[in-house]
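Undergrad: Please read through the structure below; I'll follow up with questions.
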Amino acid sequence: MQQPAADPALLRGFTIAVVSHRRRHRVADLLERHGARIVSVQGVRAVPQADPAALSRATAACLEAPPDDVVVSSAAGFRAWLRAAPDPDRLLAALRTARPLAADARTADALRAAGLHDVLSTAAGTADGLHRHLLANRAGGRRVAVQLDTPDQAEYCGVLGACGADVVEVPTYVTEPPSDVVGVRRIVELIGRRQVDAVAWLDPVAARHILRFADDHRRLPAVVAQLGTHVPAVSRGPLAAAVLRQHSVVPATPLTPFDEETAALLARTVLGRAVHATVGNRVLEVRGHAALLDGTLYPIQQGPVEVLRILAGDPGKVLSSTDIRRRLPSVADVDDHAIEMAVSRLRRALPGLDLVQTVIRRGYRLAV
């Protein structure tokens, strides 16, 4: 599928956190191509190592009722599955009656070498492309064995199951805590302080680990309070969504758990939260950490940009410091002087524009 050209200005002024099993996920790359500032967080590590108990259960399920389709994500994963089987020849005999689907050409060669024929692979050369093909060709009612290399691929299985397929998951990896504890602590603090504009939760294991870390460090109430209310949560698929719902967070989820669809939903989510106003004959858009005035971007700190967002929501209306504090829970416990300082910093961030006016003894307004 041909992708549209990137618009490097589309998401300027927004900060999006991407939580997955990788240090850098492809969804982060897609968002960054459109101008977003990205905070990538490895919530868990996926180690290519077979779990004997999990593979034993998957193998027994395939022998008991041979699958109609066998989906293989990698040649290494397929070989690990065979090595873990008590009787590899018997497993191969069961798989030869299925339609084999390989994520890429190298994996397809490994399946043919094992005696599986008529192997289907996609031009995309990714597990994402393979499952896109499988879902488009109505897997409902079929028994599908899926070899998984990473925890985010389990989201494909969740959608296949929801479509009526009988799915046998064959994980050829185990998960371990991430090595970058600093990154995990940082994202917990950023969410709790509302310093990101959205969070992408790309697999259930990483989501579970981040929330457990927040709970262990007494930050879970602050994180949950922000997610979904002030910081939108977007899950890649139903499994990560279920983890968030356990904490009363209801995320947005794309119809299908693919990279492009997830990135597009994140883009729509943050753009939909921007505040628009007309200042004289000029067009103002207040984004997560910046203002766009007639297409020119002005980066602004969190406190001042929140004040600008409130003023832009009521263009021309005079709002007192008390009004502003009432509408901004993050500064509800500060005094009038703090609001004055936020307005002062806002004016410095927008030099020479005279967007914010002071009305003596009354408050502030957007100059319209």
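Chain identifiers are assigned as A, B, and so on, following the order in which chains appear in the structure tokens; residues are numbered from 1 within each chain, and ligands are numbered from 1 in order of appearance.
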Do you know which residues are at most 9 Å from range 302-312 of chain A counting only C-alpha atoms, after dropping those on the same chain fewer than 2 positions away, and could you put them as a ChimeraX atom specification?

TA: /A:194-195,274-278,284-291,299-300,314-319,324,327-328,330-331,339,341-347,349,356,364-366

Undergrad: What's around Arg218 in chain A at 12 Å? Count only C-alpha atoms, leave out sequence neighbours fewer than 5 positions away in its own chain, and write the answer as a PyMOL selection string.

TA: chain A and resi 185+188-189+192+211-213+223-224

Undergrad: Which distance in Å separates CA of Leu92 in chain A and CA of Arg138 in chain A, to one decimal?

TA: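 It comes out at 25.0 Å.
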
Undergrad: Please identify all polymer residues within 9 Å of Arg142 in chain A, counting only C-alpha atoms, omitting same-chain residues fewer than 2 positions from it, and present them as JSON, numbers by chain.

TA: {"A": [67, 68, 69, 138, 139, 140, 144, 164, 165, 166, 167]}

Undergrad: What does the distance from CA of Ala98 in chain A to CA of Glu155 in chain A come to in Å, to one decimal?

TA: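 So the answer is 22.1 Å.
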
Undergrad: I need the residue nearest Val39 in chain A from this list: A:Leu148, A:Val231, A:Leu293, A:Val196. Use only C-alpha atoms for the distance.

TA: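 Using only C-alpha atoms, Val39 in chain A sits closest to A:Val196.
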
Undergrad: What parts of range 198-233 of chain A does DSSP call alpha helix (DSSP H)? I'd like the answer as number ranges by chain.

TA: A: 204-216, 220-226

Undergrad: Just the selected residues (N, CA and C atoms), exported as a compact mmCIF listing (two decimals), in the first residue's frame, please.

TA:
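Output contents, as saved in part-v7.txt:
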```txt
# COMPACT_ATOMS: atom_id res chain seq x y z
N PRO A 204 0.07 -4.99 25.35
CA PRO A 204 -0.47 -5.13 26.70
C PRO A 204 0.61 -5.34 27.77
N VAL A 205 1.71 -6.01 27.43
CA VAL A 205 2.74 -6.29 28.43
C VAL A 205 3.44 -5.01 28.85
N ALA A 206 3.79 -4.17 27.88
CA ALA A 206 4.43 -2.88 28.20
C ALA A 206 3.49 -2.00 29.00
N ALA A 207 2.21 -1.97 28.62
CA ALA A 207 1.24 -1.16 29.36
C ALA A 207 1.13 -1.63 30.81
N ARG A 208 1.06 -2.93 30.99
CA ARG A 208 0.93 -3.49 32.34
C ARG A 208 2.16 -3.14 33.19
N HIS A 209 3.34 -3.20 32.59
CA HIS A 209 4.56 -2.91 33.34
C HIS A 209 4.63 -1.44 33.75
N ILE A 210 4.28 -0.54 32.84
CA ILE A 210 4.34 0.89 33.15
C ILE A 210 3.39 1.22 34.30
N LEU A 211 2.17 0.69 34.24
CA LEU A 211 1.19 0.98 35.28
C LEU A 211 1.58 0.34 36.62
N ARG A 212 2.20 -0.83 36.55
CA ARG A 212 2.67 -1.46 37.79
C ARG A 212 3.80 -0.64 38.41
N PHE A 213 4.70 -0.13 37.55
CA PHE A 213 5.78 0.73 38.05
C PHE A 213 5.19 1.97 38.72
N ALA A 214 4.19 2.57 38.09
CA ALA A 214 3.55 3.76 38.66
C ALA A 214 2.93 3.43 40.02
N ASP A 215 2.32 2.26 40.11
CA ASP A 215 1.70 1.85 41.38
C ASP A 215 2.76 1.62 42.45
N ASP A 216 3.85 0.96 42.09
CA ASP A 216 4.91 0.68 43.05
C ASP A 216 5.53 1.96 43.60
N LEU A 220 0.45 5.99 40.61
CA LEU A 220 -0.66 5.50 39.79
C LEU A 220 -1.89 6.41 39.86
N PRO A 221 -2.33 6.89 41.02
CA PRO A 221 -3.50 7.78 41.03
C PRO A 221 -3.32 9.02 40.15
N ALA A 222 -2.12 9.61 40.17
CA ALA A 222 -1.87 10.80 39.34
C ALA A 222 -1.90 10.44 37.85
N VAL A 223 -1.34 9.28 37.50
CA VAL A 223 -1.32 8.84 36.10
C VAL A 223 -2.74 8.57 35.61
N VAL A 224 -3.51 7.81 36.39
CA VAL A 224 -4.87 7.46 35.99
C VAL A 224 -5.75 8.71 35.91
N ALA A 225 -5.53 9.66 36.82
CA ALA A 225 -6.33 10.88 36.80
C ALA A 225 -6.14 11.67 35.51
N GLN A 226 -4.95 11.62 34.93
CA GLN A 226 -4.67 12.38 33.71
C GLN A 226 -5.08 11.63 32.45
```

Undergrad: Looking at A:Pro257, A:Gly352, A:Pro178, A:Gly363, which one is nearest to Val41 in chain A, with distances taken over only C-alpha atoms?

TA: A:Pro178

Undergrad: Mind giving me the straight-line distance from CA of Ser235 in chain A to CA of Thr253 in chain A in Å, one decimal?

TA: 5.2 Å

Undergrad: Using DSSP on the backbone, list every residue of range 110-169 of chain A that comes out as strand (DSSP E), and give them as a list in words.

TA: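 Taking range 110-169 of chain A and keeping strand (DSSP E) gives Leu120, Ser121, Arg143, Val144, Ala145, Val146, Gln147, Leu148, Asp166, Val167, Val168 and Glu169 of chain A.
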
Undergrad: Within 6 Å of range 108-118 of chain A, counting only C-alpha atoms, which residues show up once you throw out same-chain ones fewer than 2 positions away? Write them as a list in words, please.

TA: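 Contacts, with the query itself left out: Ala75, Arg96, Ala102, Ala105 and Arg106 of chain A.
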
Undergrad: For the residues selected in the previous step, produce a file with C-alpha atoms as a PDB file, in the first residue's frame.

TA:
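Written output follows (selection-v4.pdb):
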```
ATOM      1  CA  ALA A  75      12.402 -17.926  10.274  1.00  0.00           C
ATOM      2  CA  ARG A  96       1.520 -29.303   6.032  1.00  0.00           C
ATOM      3  CA  ALA A 102       5.198 -16.001   5.925  1.00  0.00           C
ATOM      4  CA  ALA A 105      10.849 -13.875   1.815  1.00  0.00           C
ATOM      5  CA  ARG A 106      13.447 -15.290   4.209  1.00  0.00           C
TER       6      ARG A 106
END
```

Undergrad: Could you name the residues that touch Leu30 in chain A at 10 Å or less, counting only C-alpha atoms, but leaving out those on the same chain fewer than 2 positions away, as a compact mmCIF listing (two decimals) with N, CA and C atoms, in the first residue's frame?

TA:
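New file out22.txt:
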```
# COMPACT_ATOMS: atom_id res chain seq x y z
N ALA A 6 4.54 12.65 3.70
CA ALA A 6 4.47 13.19 5.06
C ALA A 6 4.32 14.71 5.01
N HIS A 25 9.66 2.52 18.23
CA HIS A 25 8.69 1.78 17.43
C HIS A 25 8.41 2.53 16.13
N ARG A 26 7.98 1.79 15.12
CA ARG A 26 7.69 2.41 13.83
C ARG A 26 6.58 3.46 13.94
N VAL A 27 5.63 3.29 14.85
CA VAL A 27 4.58 4.30 15.04
C VAL A 27 5.21 5.64 15.41
N ALA A 28 6.27 5.62 16.20
CA ALA A 28 6.98 6.87 16.55
C ALA A 28 7.55 7.52 15.30
N GLU A 32 6.64 11.24 13.91
CA GLU A 32 7.71 12.23 13.81
C GLU A 32 7.83 12.78 12.39
N ARG A 33 7.55 11.97 11.39
CA ARG A 33 7.57 12.45 10.00
C ARG A 33 6.57 13.59 9.81
N HIS A 34 5.55 13.64 10.63
CA HIS A 34 4.53 14.69 10.53
C HIS A 34 4.76 15.80 11.54
N GLY A 35 5.94 15.85 12.16
CA GLY A 35 6.31 16.99 12.97
C GLY A 35 6.10 16.85 14.46
N ALA A 36 5.57 15.72 14.94
CA ALA A 36 5.34 15.57 16.37
C ALA A 36 6.65 15.41 17.12
N ASP A 259 0.19 -0.20 12.22
CA ASP A 259 0.98 0.99 12.53
C ASP A 259 0.34 2.26 11.96
N GLU A 260 -0.02 2.22 10.68
CA GLU A 260 -0.56 3.43 10.03
C GLU A 260 -1.87 3.86 10.68
N THR A 262 -2.91 3.23 13.73
CA THR A 262 -2.65 3.72 15.08
C THR A 262 -2.10 5.14 15.05
N ALA A 263 -1.13 5.40 14.15
CA ALA A 263 -0.56 6.74 14.03
C ALA A 263 -1.62 7.75 13.58
N ALA A 264 -2.48 7.35 12.64
CA ALA A 264 -3.52 8.26 12.16
C ALA A 264 -4.51 8.61 13.27
```

Undergrad: Within 6 Å of range 121-134 of chain A, counting only C-alpha atoms, which residues qualify if same-chain residues fewer than 4 places away don't, as a list in words?

TA: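 In the requested form, the answer reads Ser73, Leu101, Ala102, Ala103 and Asp104 of chain A.
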
Undergrad: Next, write the just-selected residues to a file, as a short mmCIF file (atom, residue, chain, number, x, y, z; two decimals), in the first residue's frame, keeping C-alpha atoms as the atom set.

TA:
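Dumped everything to selection37.cif:
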```cif
data_model
loop_
_atom_site.label_atom_id
_atom_site.label_comp_id
_atom_site.auth_asym_id
_atom_site.auth_seq_id
_atom_site.Cartn_x
_atom_site.Cartn_y
_atom_site.Cartn_z
CA SER A 73 6.54 -14.04 11.74
CA LEU A 101 1.73 -17.50 5.48
CA ALA A 102 5.20 -16.00 5.93
CA ALA A 103 6.00 -12.44 6.99
CA ASP A 104 8.88 -12.07 4.52
#
```
